file entry_10.cif (mmCIF, C-alpha atoms)
data_run
#
loop_
_atom_site.label_atom_id
_atom_site.label_comp_id
_atom_site.auth_asym_id
_atom_site.auth_seq_id
_atom_site.Cartn_x
_atom_site.Cartn_y
_atom_site.Cartn_z
CA MET D 1 -29.46 -2.76 21.40
CA ASN D 2 -29.54 -5.47 24.08
CA TYR D 3 -28.02 -8.90 23.56
CA SER D 4 -27.82 -12.07 25.65
CA PHE D 5 -27.44 -15.86 25.59
CA ARG D 6 -30.08 -18.45 26.41
CA LEU D 7 -30.48 -22.21 26.38
CA LYS D 8 -32.72 -23.93 23.86
CA TYR D 9 -33.89 -26.46 26.49
CA PRO D 10 -33.36 -24.85 29.91
CA ASN D 11 -35.57 -27.32 31.80
CA LEU D 12 -34.38 -30.66 30.44
CA ASP D 13 -31.81 -32.87 32.15
CA LYS D 14 -29.52 -33.00 29.13
CA GLU D 15 -27.12 -30.82 27.20
CA SER D 16 -28.77 -27.89 25.43
CA LEU D 17 -27.75 -25.67 22.52
CA ILE D 18 -26.80 -22.11 23.44
CA TYR D 19 -28.45 -19.32 21.45
CA PHE D 20 -27.22 -15.77 21.00
CA THR D 21 -30.13 -13.31 21.08
CA ALA D 22 -30.42 -9.58 20.39
CA SER D 23 -33.49 -7.36 20.45
CA PHE D 24 -34.11 -5.08 17.46
CA LYS D 25 -36.63 -2.56 18.78
CA ASP D 26 -37.01 -0.80 15.40
CA GLU D 27 -38.17 -4.06 13.85
CA GLY D 28 -40.01 -5.24 16.95
CA LYS D 29 -38.26 -8.59 16.65
CA THR D 30 -35.48 -10.59 18.30
CA PHE D 31 -32.47 -11.96 16.46
CA VAL D 32 -31.77 -15.56 17.47
CA TYR D 33 -28.63 -17.37 16.34
CA SER D 34 -27.32 -20.79 17.32
CA THR D 35 -23.73 -20.67 18.59
CA GLY D 36 -23.34 -24.40 18.05
CA GLU D 37 -22.13 -24.70 21.67
CA LYS D 38 -23.84 -27.08 24.11
CA ILE D 39 -23.99 -27.12 27.91
CA HIS D 40 -26.00 -28.85 30.64
CA PRO D 41 -28.47 -26.51 32.47
CA LYS D 42 -26.80 -27.35 35.80
CA ASP D 43 -23.62 -25.68 34.49
CA TRP D 44 -25.45 -22.55 33.32
CA ASP D 45 -25.73 -19.29 35.30
CA PHE D 46 -29.28 -18.18 34.46
CA ASP D 47 -28.75 -14.74 36.03
CA ASN D 48 -25.56 -13.83 34.15
CA LYS D 49 -26.46 -15.90 31.08
CA ARG D 50 -23.02 -17.53 30.91
CA PRO D 51 -21.47 -20.86 31.95
CA THR D 52 -20.82 -21.25 35.66
CA ASN D 53 -18.25 -23.23 37.68
CA LEU D 54 -15.33 -22.03 35.54
CA SER D 55 -12.62 -22.45 38.13
CA GLY D 56 -10.64 -25.63 38.75
CA ARG D 57 -8.43 -27.92 36.76
CA LYS D 58 -10.92 -30.68 36.03
CA LYS D 59 -11.70 -31.47 32.42
CA ASP D 60 -15.33 -30.33 32.83
CA ALA D 61 -14.19 -26.89 34.04
CA GLU D 62 -11.78 -26.59 31.11
CA LEU D 63 -14.60 -27.37 28.66
CA ARG D 64 -16.83 -24.72 30.24
CA ARG D 65 -14.04 -22.16 29.97
CA VAL D 66 -13.69 -22.99 26.26
CA ILE D 67 -17.45 -22.52 25.82
CA ASP D 68 -17.31 -19.20 27.66
CA THR D 69 -14.51 -18.02 25.37
CA GLN D 70 -16.50 -18.99 22.29
CA LEU D 71 -19.55 -17.08 23.54
CA SER D 72 -17.36 -14.02 23.98
CA ARG D 73 -16.54 -14.19 20.27
CA TYR D 74 -20.25 -13.77 19.49
CA SER D 75 -20.83 -10.89 21.87
CA ASN D 76 -17.62 -9.09 20.84
CA PHE D 77 -18.44 -9.47 17.17
CA PHE D 78 -21.94 -8.10 17.70
CA ILE D 79 -20.55 -5.05 19.52
CA GLU D 80 -18.11 -4.52 16.65
CA LEU D 81 -20.97 -4.78 14.12
CA ILE D 82 -23.01 -2.12 15.90
CA SER D 83 -20.05 0.26 16.00
CA ARG D 84 -19.05 -0.41 12.39
CA TYR D 85 -22.52 0.09 10.90
CA LYS D 86 -23.08 3.20 12.98
CA THR D 87 -19.84 4.75 11.73
CA ILE D 88 -20.63 4.14 8.06
CA ASN D 89 -24.21 5.36 8.58
CA GLU D 90 -25.86 2.11 7.58
CA ASN D 91 -28.80 0.52 9.34
CA LEU D 92 -27.99 -2.76 11.08
CA THR D 93 -30.99 -5.03 10.63
CA ILE D 94 -31.72 -8.60 11.66
CA GLU D 95 -31.14 -9.72 8.07
CA THR D 96 -27.75 -7.99 7.76
CA THR D 97 -26.77 -9.24 11.22
CA LYS D 98 -27.57 -12.79 10.17
CA ASP D 99 -25.48 -12.36 7.00
CA GLU D 100 -22.57 -10.95 9.00
CA PHE D 101 -22.77 -13.77 11.56
CA ASN D 102 -22.87 -16.39 8.79
CA VAL D 103 -19.74 -14.94 7.21
CA GLU D 104 -17.93 -14.67 10.55
CA PHE D 105 -18.90 -17.97 12.15
CA LYS D 106 -20.00 -20.21 9.29
CA LYS D 107 -17.52 -18.87 6.73
CA VAL D 108 -20.28 -18.24 4.19
CA ASN D 109 -19.11 -16.06 1.29
CA LYS D 110 -20.66 -12.63 0.98
CA ASN D 111 -20.51 -10.69 -2.30
CA VAL D 112 -20.31 -7.18 -0.87
CA SER D 113 -17.86 -6.39 1.90
CA ASP D 114 -17.83 -3.18 3.93
CA PHE D 115 -14.03 -3.47 4.13
CA PHE D 116 -13.63 -1.29 1.06
CA LYS D 117 -16.34 1.12 2.18
CA VAL D 118 -14.26 1.74 5.27
CA TYR D 119 -11.11 2.10 3.16
CA GLU D 120 -12.89 4.80 1.15
CA LEU D 121 -13.74 6.61 4.40
CA PHE D 122 -10.07 6.35 5.31
CA LEU D 123 -9.13 7.96 1.99
CA GLU D 124 -11.64 10.76 2.52
CA ASP D 125 -10.19 11.38 5.97
CA LYS D 126 -6.67 11.58 4.52
CA ARG D 127 -7.77 13.91 1.71
CA ASP D 128 -9.54 16.25 4.14
CA ASP D 129 -6.80 16.31 6.79
CA ASN D 130 -4.74 19.33 5.76
CA SER D 131 -3.14 19.53 9.19
CA ASP D 132 -1.04 16.41 8.54
CA GLN D 133 1.90 17.26 6.27
CA ALA D 134 2.34 13.57 5.52
CA ASN D 135 -0.94 13.57 3.55
CA THR D 136 0.59 14.80 0.28
CA THR D 137 -0.94 14.19 -3.14
CA SER D 138 1.63 11.48 -3.90
CA THR D 139 1.05 9.74 -0.55
CA ILE D 140 -2.73 9.73 -1.04
CA SER D 141 -2.19 8.34 -4.54
CA ARG D 142 -0.25 5.49 -2.96
CA TYR D 143 -3.13 4.79 -0.55
CA GLU D 144 -5.49 4.78 -3.53
CA TYR D 145 -3.22 2.35 -5.36
CA ASN D 146 -3.07 0.20 -2.21
CA LYS D 147 -6.87 -0.02 -2.18
CA LYS D 148 -6.90 -1.00 -5.87
CA LEU D 149 -4.18 -3.58 -5.17
CA LEU D 150 -6.29 -5.16 -2.42
CA GLU D 151 -9.34 -5.20 -4.71
CA ASP D 152 -7.31 -6.86 -7.47
CA PHE D 153 -6.03 -9.40 -4.94
CA GLN D 154 -9.58 -10.17 -3.81
CA ASN D 155 -10.80 -10.67 -7.38
CA HIS D 156 -7.79 -12.74 -8.43
CA LYS D 157 -7.85 -15.04 -5.41
CA SER D 158 -11.64 -15.08 -4.98
CA TYR D 159 -10.76 -14.11 -1.43
CA ASN D 160 -13.53 -12.53 0.62
CA LEU D 161 -11.59 -9.65 2.17
CA ARG D 162 -13.15 -8.57 5.45
CA PHE D 163 -11.76 -7.24 8.70
CA ASN D 164 -12.20 -10.61 10.37
CA THR D 165 -10.24 -12.35 7.56
CA ILE D 166 -7.11 -10.26 8.12
CA ASN D 167 -4.92 -13.02 9.49
CA ARG D 168 -1.77 -14.98 8.71
CA LYS D 169 -3.50 -16.85 5.87
CA PHE D 170 -4.44 -13.53 4.23
CA TYR D 171 -0.93 -12.13 4.72
CA ASN D 172 0.80 -15.11 3.10
CA ALA D 173 -1.65 -15.14 0.18
CA PHE D 174 -1.26 -11.38 -0.33
CA ILE D 175 2.55 -11.56 -0.29
CA SER D 176 2.45 -14.43 -2.79
CA TYR D 177 0.10 -12.47 -5.08
CA CYS D 178 2.27 -9.32 -5.01
CA VAL D 179 5.47 -11.24 -5.76
CA GLU D 180 4.25 -13.83 -8.25
CA ILE D 181 1.47 -11.97 -10.07
CA LYS D 182 2.29 -8.26 -9.65
CA LYS D 183 6.08 -8.83 -9.77
CA HIS D 184 6.63 -6.30 -6.98
CA SER D 185 10.12 -5.68 -5.69
CA ALA D 186 10.89 -6.09 -1.99
CA ASN D 187 10.88 -2.31 -1.58
CA THR D 188 7.49 -1.90 -3.26
CA LEU D 189 6.13 -4.76 -1.18
CA SER D 190 7.52 -3.23 2.01
CA ARG D 191 5.89 0.10 1.23
CA ASN D 192 2.49 -1.43 0.43
CA ILE D 193 2.46 -3.53 3.60
CA GLY D 194 3.29 -0.36 5.54
CA LEU D 195 0.40 1.51 3.87
CA PHE D 196 -1.94 -1.38 4.66
CA LYS D 197 -0.90 -1.36 8.32
CA THR D 198 -1.52 2.40 8.49
CA PHE D 199 -5.06 1.81 7.23
CA MET D 200 -5.67 -0.99 9.74
CA ASN D 201 -4.38 1.11 12.65
CA TRP D 202 -6.77 3.88 11.54
CA ALA D 203 -9.67 1.37 11.35
CA ILE D 204 -8.96 0.22 14.91
CA ALA D 205 -8.69 3.80 16.18
CA LYS D 206 -12.08 4.57 14.56
CA LYS D 207 -13.52 1.36 16.04
CA PHE D 208 -14.38 -0.23 12.70
CA THR D 209 -12.64 -3.38 13.89
CA TYR D 210 -10.94 -4.86 16.93
CA ASN D 211 -8.88 -7.31 14.91
CA ASP D 212 -5.20 -6.48 15.45
CA GLU D 213 -3.74 -9.69 13.97
CA PHE D 214 -2.01 -7.54 11.33
CA LYS D 215 0.36 -6.25 14.02
CA LYS D 216 1.98 -9.69 14.01
CA PHE D 217 2.79 -9.49 10.29
CA LYS D 218 6.53 -9.32 9.76
CA ASN D 219 7.78 -6.23 8.00
CA ILE D 220 9.38 -6.86 4.63
CA LYS D 221 12.96 -5.66 4.86
CA ARG D 222 13.73 -2.97 2.35
CA PHE D 223 16.53 -4.07 0.11
CA LYS D 224 18.89 -2.16 -2.14
CA THR D 225 17.90 -3.61 -5.50
CA ASP D 226 20.06 -3.16 -8.55
CA GLU D 227 17.75 -0.67 -10.26
CA ILE D 228 18.87 1.01 -13.45
CA ALA D 229 20.52 4.42 -13.73
CA LEU D 230 21.45 5.92 -17.09
CA THR D 231 24.79 7.47 -18.00
CA LYS D 232 25.15 11.00 -19.35
CA GLU D 233 25.94 9.51 -22.76
CA GLN D 234 22.71 7.48 -22.71
CA VAL D 235 20.68 10.56 -21.75
CA ASP D 236 22.26 12.41 -24.69
CA GLU D 237 21.46 9.52 -27.01
CA ILE D 238 17.82 9.51 -25.87
CA TYR D 239 17.53 13.29 -26.25
CA GLU D 240 18.93 13.24 -29.79
CA PHE D 241 17.16 10.10 -31.00
CA ASP D 242 15.06 10.54 -34.16
CA LEU D 243 11.54 9.39 -33.33
CA GLU D 244 10.40 9.91 -36.93
CA GLY D 245 7.50 12.19 -36.10
CA ASP D 246 6.03 10.15 -33.23
CA LYS D 247 4.72 13.10 -31.19
CA LYS D 248 3.56 10.96 -28.28
CA LEU D 249 6.96 9.38 -27.69
CA GLU D 250 8.64 12.73 -28.34
CA ARG D 251 6.68 14.31 -25.48
CA VAL D 252 7.48 11.33 -23.25
CA ARG D 253 11.17 11.54 -24.19
CA ASP D 254 11.34 15.28 -23.46
CA LEU D 255 9.63 14.90 -20.08
CA PHE D 256 11.98 12.07 -19.14
CA VAL D 257 15.12 14.00 -20.12
CA PHE D 258 13.80 17.01 -18.21
CA GLY D 259 13.66 14.76 -15.13
CA CYS D 260 17.17 13.44 -15.81
CA SER D 261 18.53 17.00 -15.97
CA THR D 262 16.74 18.33 -12.85
CA GLY D 263 16.65 15.36 -10.46
CA MET D 264 13.05 16.01 -9.44
CA ARG D 265 10.37 13.39 -8.91
CA TYR D 266 7.83 13.03 -11.70
CA SER D 267 5.12 14.49 -9.46
CA ASN D 268 7.23 17.68 -9.33
CA TYR D 269 8.84 18.00 -12.75
CA SER D 270 5.65 17.17 -14.66
CA LYS D 271 4.00 20.30 -13.21
CA VAL D 272 6.70 22.94 -13.70
CA LYS D 273 5.28 26.24 -15.08
CA LYS D 274 6.78 29.47 -16.38
CA ASN D 275 6.24 31.39 -13.13
CA ASP D 276 8.28 28.68 -11.34
CA ILE D 277 11.42 29.89 -13.16
CA ILE D 278 13.02 32.77 -11.27
CA ASP D 279 16.55 34.11 -11.89
CA GLY D 280 17.69 30.90 -13.55
CA PHE D 281 16.26 28.58 -10.86
CA ILE D 282 13.27 26.23 -10.90
CA ASN D 283 11.45 26.95 -7.62
CA VAL D 284 8.70 24.53 -6.58
CA ILE D 285 7.13 23.05 -3.45
CA ASP D 286 7.91 19.35 -3.12
CA GLU D 287 4.71 17.38 -3.82
CA LYS D 288 5.78 14.57 -1.49
CA ASP D 289 6.74 16.81 1.42
CA LYS D 290 5.12 20.22 1.20
CA SER D 291 7.39 21.52 3.95
CA LYS D 292 10.26 21.41 1.41
CA SER D 293 10.99 24.12 -1.15
CA LEU D 294 13.12 22.96 -4.06
CA SER D 295 15.38 25.40 -5.90
CA ILE D 296 17.18 23.84 -8.86
CA PRO D 297 19.42 25.73 -11.31
CA THR D 298 18.36 25.44 -14.94
CA ASN D 299 20.72 24.06 -17.58
CA ARG D 300 20.79 23.69 -21.35
CA TYR D 301 18.53 20.63 -21.34
CA SER D 302 15.86 21.92 -18.97
CA ILE D 303 15.69 25.36 -20.63
CA GLU D 304 15.52 23.92 -24.16
CA ILE D 305 12.67 21.60 -23.18
CA LEU D 306 10.75 24.33 -21.34
CA GLU D 307 11.11 26.74 -24.27
CA LYS D 308 10.09 24.01 -26.74
CA TYR D 309 6.72 23.72 -25.00
CA ASP D 310 6.44 27.44 -24.20
CA TYR D 311 6.87 26.58 -20.51
CA LYS D 312 3.78 24.35 -20.59
CA LEU D 313 5.13 20.81 -20.27
CA PRO D 314 2.98 17.93 -21.62
CA LYS D 315 0.42 16.54 -19.18
CA ILE D 316 0.61 12.75 -18.87
CA SER D 317 -0.53 10.63 -15.93
CA ASN D 318 2.26 8.81 -14.12
CA GLN D 319 0.79 5.43 -15.04
CA LYS D 320 0.58 6.26 -18.74
CA PHE D 321 4.00 7.91 -18.63
CA ASN D 322 5.56 4.68 -17.34
CA GLU D 323 3.80 2.68 -20.06
CA TYR D 324 4.97 5.03 -22.81
CA LEU D 325 8.53 5.09 -21.45
CA LYS D 326 8.80 1.37 -22.09
CA GLU D 327 7.57 1.98 -25.66
CA LEU D 328 10.22 4.68 -26.06
CA PHE D 329 13.09 2.46 -24.96
CA GLN D 330 11.80 -0.41 -27.07
CA ALA D 331 11.78 1.93 -30.09
CA MET D 332 15.42 2.75 -29.30
CA LYS D 333 16.26 -0.99 -29.19
CA TYR D 334 17.17 -0.94 -25.48
CA ASN D 335 16.12 -4.57 -25.24
CA HIS D 336 19.23 -6.30 -23.93
CA ILE D 337 18.57 -8.59 -20.97
CA VAL D 338 19.51 -7.36 -17.50
CA LYS D 339 19.42 -9.12 -14.16
CA LYS D 340 17.56 -7.88 -11.11
CA THR D 341 18.26 -9.12 -7.59
CA MET D 342 15.54 -8.96 -4.94
CA ARG D 343 15.33 -10.15 -1.37
CA TYR D 344 12.16 -11.45 0.31
CA GLY D 345 12.93 -12.21 3.92
CA ASN D 346 16.02 -14.39 3.83
CA GLU D 347 15.46 -15.47 0.23
CA ILE D 348 17.32 -13.79 -2.63
CA ILE D 349 15.67 -14.02 -6.04
CA GLU D 350 17.27 -13.16 -9.37
CA THR D 351 15.11 -12.32 -12.36
CA GLU D 352 15.92 -11.38 -15.94
CA SER D 353 14.03 -8.89 -18.09
CA PRO D 354 14.61 -6.56 -21.06
CA PHE D 355 16.25 -3.24 -20.22
CA SER D 356 13.20 -1.36 -21.53
CA GLU D 357 10.95 -3.10 -18.98
CA ARG D 358 13.07 -1.79 -16.13
CA ILE D 359 12.61 1.89 -16.98
CA SER D 360 10.17 4.05 -15.02
CA SER D 361 9.64 7.73 -14.26
CA HIS D 362 11.85 7.33 -11.18
CA THR D 363 14.78 6.21 -13.35
CA SER D 364 15.31 9.87 -14.25
CA ARG D 365 15.86 10.89 -10.62
CA ARG D 366 18.22 7.96 -10.02
CA SER D 367 20.11 8.80 -13.23
CA PHE D 368 20.50 12.47 -12.25
CA ILE D 369 22.03 11.59 -8.89
CA THR D 370 24.33 8.95 -10.39
CA ILE D 371 25.53 11.24 -13.20
CA MET D 372 26.22 14.11 -10.80
CA LYS D 373 28.11 11.89 -8.34
CA ASN D 374 30.17 10.36 -11.14
CA GLU D 375 31.15 13.88 -12.22
CA GLY D 376 32.47 14.53 -8.72
CA VAL D 377 29.72 16.89 -7.54
CA PRO D 378 29.65 16.89 -3.70
CA ASP D 379 26.77 15.00 -2.10
CA LYS D 380 25.57 18.08 -0.19
CA VAL D 381 25.26 20.06 -3.42
CA ILE D 382 23.29 17.29 -5.15
CA MET D 383 21.06 16.89 -2.07
CA SER D 384 20.32 20.62 -2.21
CA TYR D 385 18.84 19.99 -5.68
CA THR D 386 16.96 16.78 -4.88
CA GLY D 387 15.66 17.83 -1.46
CA HIS D 388 17.11 14.80 0.35
CA LYS D 389 17.74 15.29 4.06
CA SER D 390 19.06 11.80 4.80
CA ILE D 391 22.42 10.80 3.32
CA GLU D 392 21.41 7.13 3.71
CA VAL D 393 18.28 7.55 1.59
CA PHE D 394 20.20 9.70 -0.89
CA ASN D 395 22.93 7.08 -1.36
CA ASN D 396 20.31 4.45 -2.20
CA TYR D 397 19.83 6.28 -5.50
CA TYR D 398 23.45 5.99 -6.58
CA ARG D 399 24.07 3.27 -9.19
CA PRO D 400 27.67 3.24 -10.47
CA ASN D 401 27.77 1.69 -13.93
CA GLN D 402 30.37 -0.80 -15.12
CA GLU D 403 32.37 1.77 -17.11
CA HIS D 404 32.78 4.09 -14.14
CA ARG D 405 33.65 1.22 -11.83
CA ILE D 406 36.43 0.18 -14.23
CA ASN D 407 37.67 3.76 -14.72
CA PHE D 408 37.81 4.48 -11.00
CA MET D 409 39.77 1.28 -10.39
CA GLN D 410 42.25 2.02 -13.19
CA ASN D 411 42.70 5.67 -12.20
CA VAL D 412 43.61 4.70 -8.63
CA TRP D 413 45.79 1.69 -9.45
CA GLN D 414 47.41 2.71 -12.72
#

call {"tool": "encode", "arguments": {"input": "entry_10.cif", "output": "structure tokens"}}
result
Amino acid sequence: MNYSFRLKYPNLDKESLIYFTASFKDEGKTFVYSTGEKIHPKDWDFDNKRPTNLSGRKKDAELRRVIDTQLSRYSNFFIELISRYKTINENLTIETTKDEFNVEFKKVNKNVSDFFKVYELFLEDKRDDNSDQANTTSTISRYEYNKKLLEDFQNHKSYNLRFNTINRKFYNAFISYCVEIKKHSANTLSRNIGLFKTFMNWAIAKKFTYNDEFKKFKNIKRFKTDEIALTKEQVDEIYEFDLEGDKKLERVRDLFVFGCSTGMRYSNYSKVKKNDIIDGFINVIDEKDKSKSLSIPTNRYSIEILEKYDYKLPKISNQKFNEYLKELFQAMKYNHIVKKTMRYGNEIIETESPFSERISSHTSRRSFITIMKNEGVPDKVIMSYTGHKSIEVFNNYYRPNQEHRINFMQNVWQ
């Protein structure tokens, strides 16, 4: 598909508009689009179809260089369009080219963006790539959530999300949306920005876009937030609490306590089956990192719960599980207010919320590690249960509670 530039009035002794043109042989027509730039014919190279006399420091030469740069935006965008539509197997017509040019250069809103079509191709690529061990079920679920997050952002902000709108303005608006509307922690925000950058790097590698402005986005520093960990006494209280026949919350409670007593992620402990129990150990492949094999000794809690459900644990989606957990803790009157400290860049923000709102499926893993450490179990032993390889990551899970902090101080200094 050939493209070029031409003057509207090449033979007049006055400035002329510059048109971008492209031939569409399938339609037998030529696409003509005004760039809005003007130049005198004497400063136009009719052979190369670009401004001439670009060298020098005079003001006229500087203006011609600016015009030349602007024309490059049109030609580069057209090349990107051809590549993008070819990759997603859609026919680039004069009408769609006009729409794309209007959005890019006249900032006209367009209802349907191919940004999310490309994201879906990215997801398909990740799902099909079995050679990459990083593409686990949980990781792909995070990419899927990231796509939904971007769609929610677009709808909430009425922001036309396209590859050419990925800039500093988008980044600031997206950060604001995640913090103020979605109430994301710094760590969640950091992860989602990282997932977004992975997608954009993939889009550039596949030549869907040439826009690499996202590489200038500052990474959100991960921050050790004061997330909740339960004590052994609290886990016992939850396990023994009378739910008065509420079977839904009973199943949620049992799953949660099973996680607290095994230290596994929800993606692992929610799928444990009878044939995973061998010689008193729960043996599973880690859903997050399939190169890891977890082998966790059973105990009274885990065996009782497995036997209660005949080794077929209740099936609940992670999203629903987190919703029901909050209902469970509300039913148990765990509604006292707790503070949460978060850092966004150099700013530290403190928020207050009911204890029940702070509980999630991951609380069980954090509670297991904290309980075991408080009982004096060596880190290496606990890490052999949880599958952690990094002591730094492992220690991020430890949350000493006030009672233990007081006891340790008194035991040492009594």

call {"tool": "residues_around", "arguments": {"input": "entry_10.cif", "residues": "stretch 4-13 of chain D", "least_positions_apart": "5", "cutoff": "9 Å", "atoms": "all atoms listed in the file", "output": "CSV table (one decimal) with C-alpha atoms, keeping the file's coordinate frame"}}
result
chain,number,residue,atom,x,y,z
D,18,ILE,CA,-26.8,-22.1,23.4
D,19,TYR,CA,-28.4,-19.3,21.4
D,20,PHE,CA,-27.2,-15.8,21.0
D,21,THR,CA,-30.1,-13.3,21.1
D,22,ALA,CA,-30.4,-9.6,20.4
D,38,LYS,CA,-23.8,-27.1,24.1
D,39,ILE,CA,-24.0,-27.1,27.9
D,40,HIS,CA,-26.0,-28.8,30.6
D,41,PRO,CA,-28.5,-26.5,32.5
D,42,LYS,CA,-26.8,-27.4,35.8
D,44,TRP,CA,-25.4,-22.6,33.3
D,46,PHE,CA,-29.3,-18.2,34.5
D,48,ASN,CA,-25.6,-13.8,34.2
D,49,LYS,CA,-26.5,-15.9,31.1
D,50,ARG,CA,-23.0,-17.5,30.9
D,71,LEU,CA,-19.6,-17.1,23.5
D,75,SER,CA,-20.8,-10.9,21.9

call {"tool": "residues_around", "arguments": {"input": "entry_10.cif", "residues": "D:Lys218", "least_positions_apart": "5", "cutoff": "12 Å", "atoms": "only C-alpha atoms", "output": "list in words"}}
result
Arg168, Tyr171, Asn172, Ile175, Leu189, Ser190, Ile193, Gly194, Lys197, Glu213, Tyr344 and Gly345 of chain D

call {"tool": "closest_residue", "arguments": {"input": "entry_10.cif", "among": "D:Asn275, D:Ser390, D:Asn192, D:Thr137", "to": "D:Leu150", "atoms": "only C-alpha atoms"}}
result
D:Asn192

call {"tool": "closest_residue", "arguments": {"input": "entry_10.cif", "among": "D:Thr165, D:Asn91, D:Gln319, D:Ser367", "to": "D:Glu27", "atoms": "only C-alpha atoms"}}
result
D:Asn91

call {"tool": "residues_around", "arguments": {"input": "entry_10.cif", "residues": "stretch 60-63 of chain D", "least_positions_apart": "3", "cutoff": "12 Å", "atoms": "all atoms listed in the file", "output": "ChimeraX atom specification"}}
result
/D:37-40,43,51-57,66-70

call {"tool": "closest_residue", "arguments": {"input": "entry_10.cif", "among": "D:Lys206, D:Lys290, D:Lys25, D:Lys273", "to": "D:Ile303", "atoms": "all atoms listed in the file"}}
result
D:Lys273

call {"tool": "closest_residue", "arguments": {"input": "entry_10.cif", "among": "D:Lys169, D:Lys271, D:Lys126, D:Lys288", "to": "D:Trp202", "atoms": "all atoms listed in the file"}}
result
D:Lys126

call {"tool": "residues_near_point", "arguments": {"input": "entry_10.cif", "point": "(-12.5, -10.3, 11.3)", "cutoff": "9 Å", "atoms": "only C-alpha atoms", "output": "MDAnalysis selection string"}}
result
chainID D and resid 77 104 162:167 209:211

call {"tool": "atom_distance", "arguments": {"input": "entry_10.cif", "atom1": "atom CA of D:Thr231", "atom2": "atom CA of D:Pro400"}}
result
9.1 Å

call {"tool": "atom_distance", "arguments": {"input": "entry_10.cif", "atom1": "atom CA of D:Phe321", "atom2": "atom CA of D:Ser361"}}
result
7.1 Å

call {"tool": "atom_distance", "arguments": {"input": "entry_10.cif", "atom1": "atom CA of D:Met1", "atom2": "atom CA of D:Leu92"}}
result
10.4 Å

call {"tool": "build_atoms", "arguments": {"input": "entry_10.cif", "residues": "stretch 72-84 of chain D", "atoms": "N, CA and C atoms", "output": "compact mmCIF listing (two decimals), in the frame of the given file"}}
result
# COMPACT_ATOMS: atom_id res chain seq x y z
N SER D 72 -17.91 -15.38 24.03
CA SER D 72 -17.36 -14.02 23.98
C SER D 72 -17.10 -13.58 22.54
N ARG D 73 -16.75 -14.53 21.68
CA ARG D 73 -16.54 -14.19 20.27
C ARG D 73 -17.82 -13.64 19.66
N TYR D 74 -18.97 -14.23 20.03
CA TYR D 74 -20.25 -13.77 19.49
C TYR D 74 -20.61 -12.38 20.02
N SER D 75 -20.46 -12.19 21.30
CA SER D 75 -20.83 -10.89 21.87
C SER D 75 -19.89 -9.79 21.39
N ASN D 76 -18.58 -10.09 21.32
CA ASN D 76 -17.62 -9.09 20.84
C ASN D 76 -17.87 -8.73 19.38
N PHE D 77 -18.19 -9.74 18.58
CA PHE D 77 -18.44 -9.47 17.17
C PHE D 77 -19.70 -8.63 16.99
N PHE D 78 -20.70 -8.88 17.80
CA PHE D 78 -21.94 -8.10 17.70
C PHE D 78 -21.69 -6.64 18.08
N ILE D 79 -20.90 -6.42 19.13
CA ILE D 79 -20.55 -5.05 19.52
C ILE D 79 -19.80 -4.34 18.40
N GLU D 80 -18.88 -5.09 17.77
CA GLU D 80 -18.11 -4.52 16.65
C GLU D 80 -19.03 -4.17 15.48
N LEU D 81 -20.02 -5.03 15.20
CA LEU D 81 -20.97 -4.78 14.12
C LEU D 81 -21.74 -3.49 14.36
N ILE D 82 -22.24 -3.32 15.57
CA ILE D 82 -23.01 -2.12 15.90
C ILE D 82 -22.17 -0.88 15.65
N SER D 83 -20.94 -0.89 16.15
CA SER D 83 -20.05 0.26 16.00
C SER D 83 -19.73 0.52 14.53
N ARG D 84 -19.44 -0.55 13.79
CA ARG D 84 -19.05 -0.41 12.39
C ARG D 84 -20.19 0.17 11.55
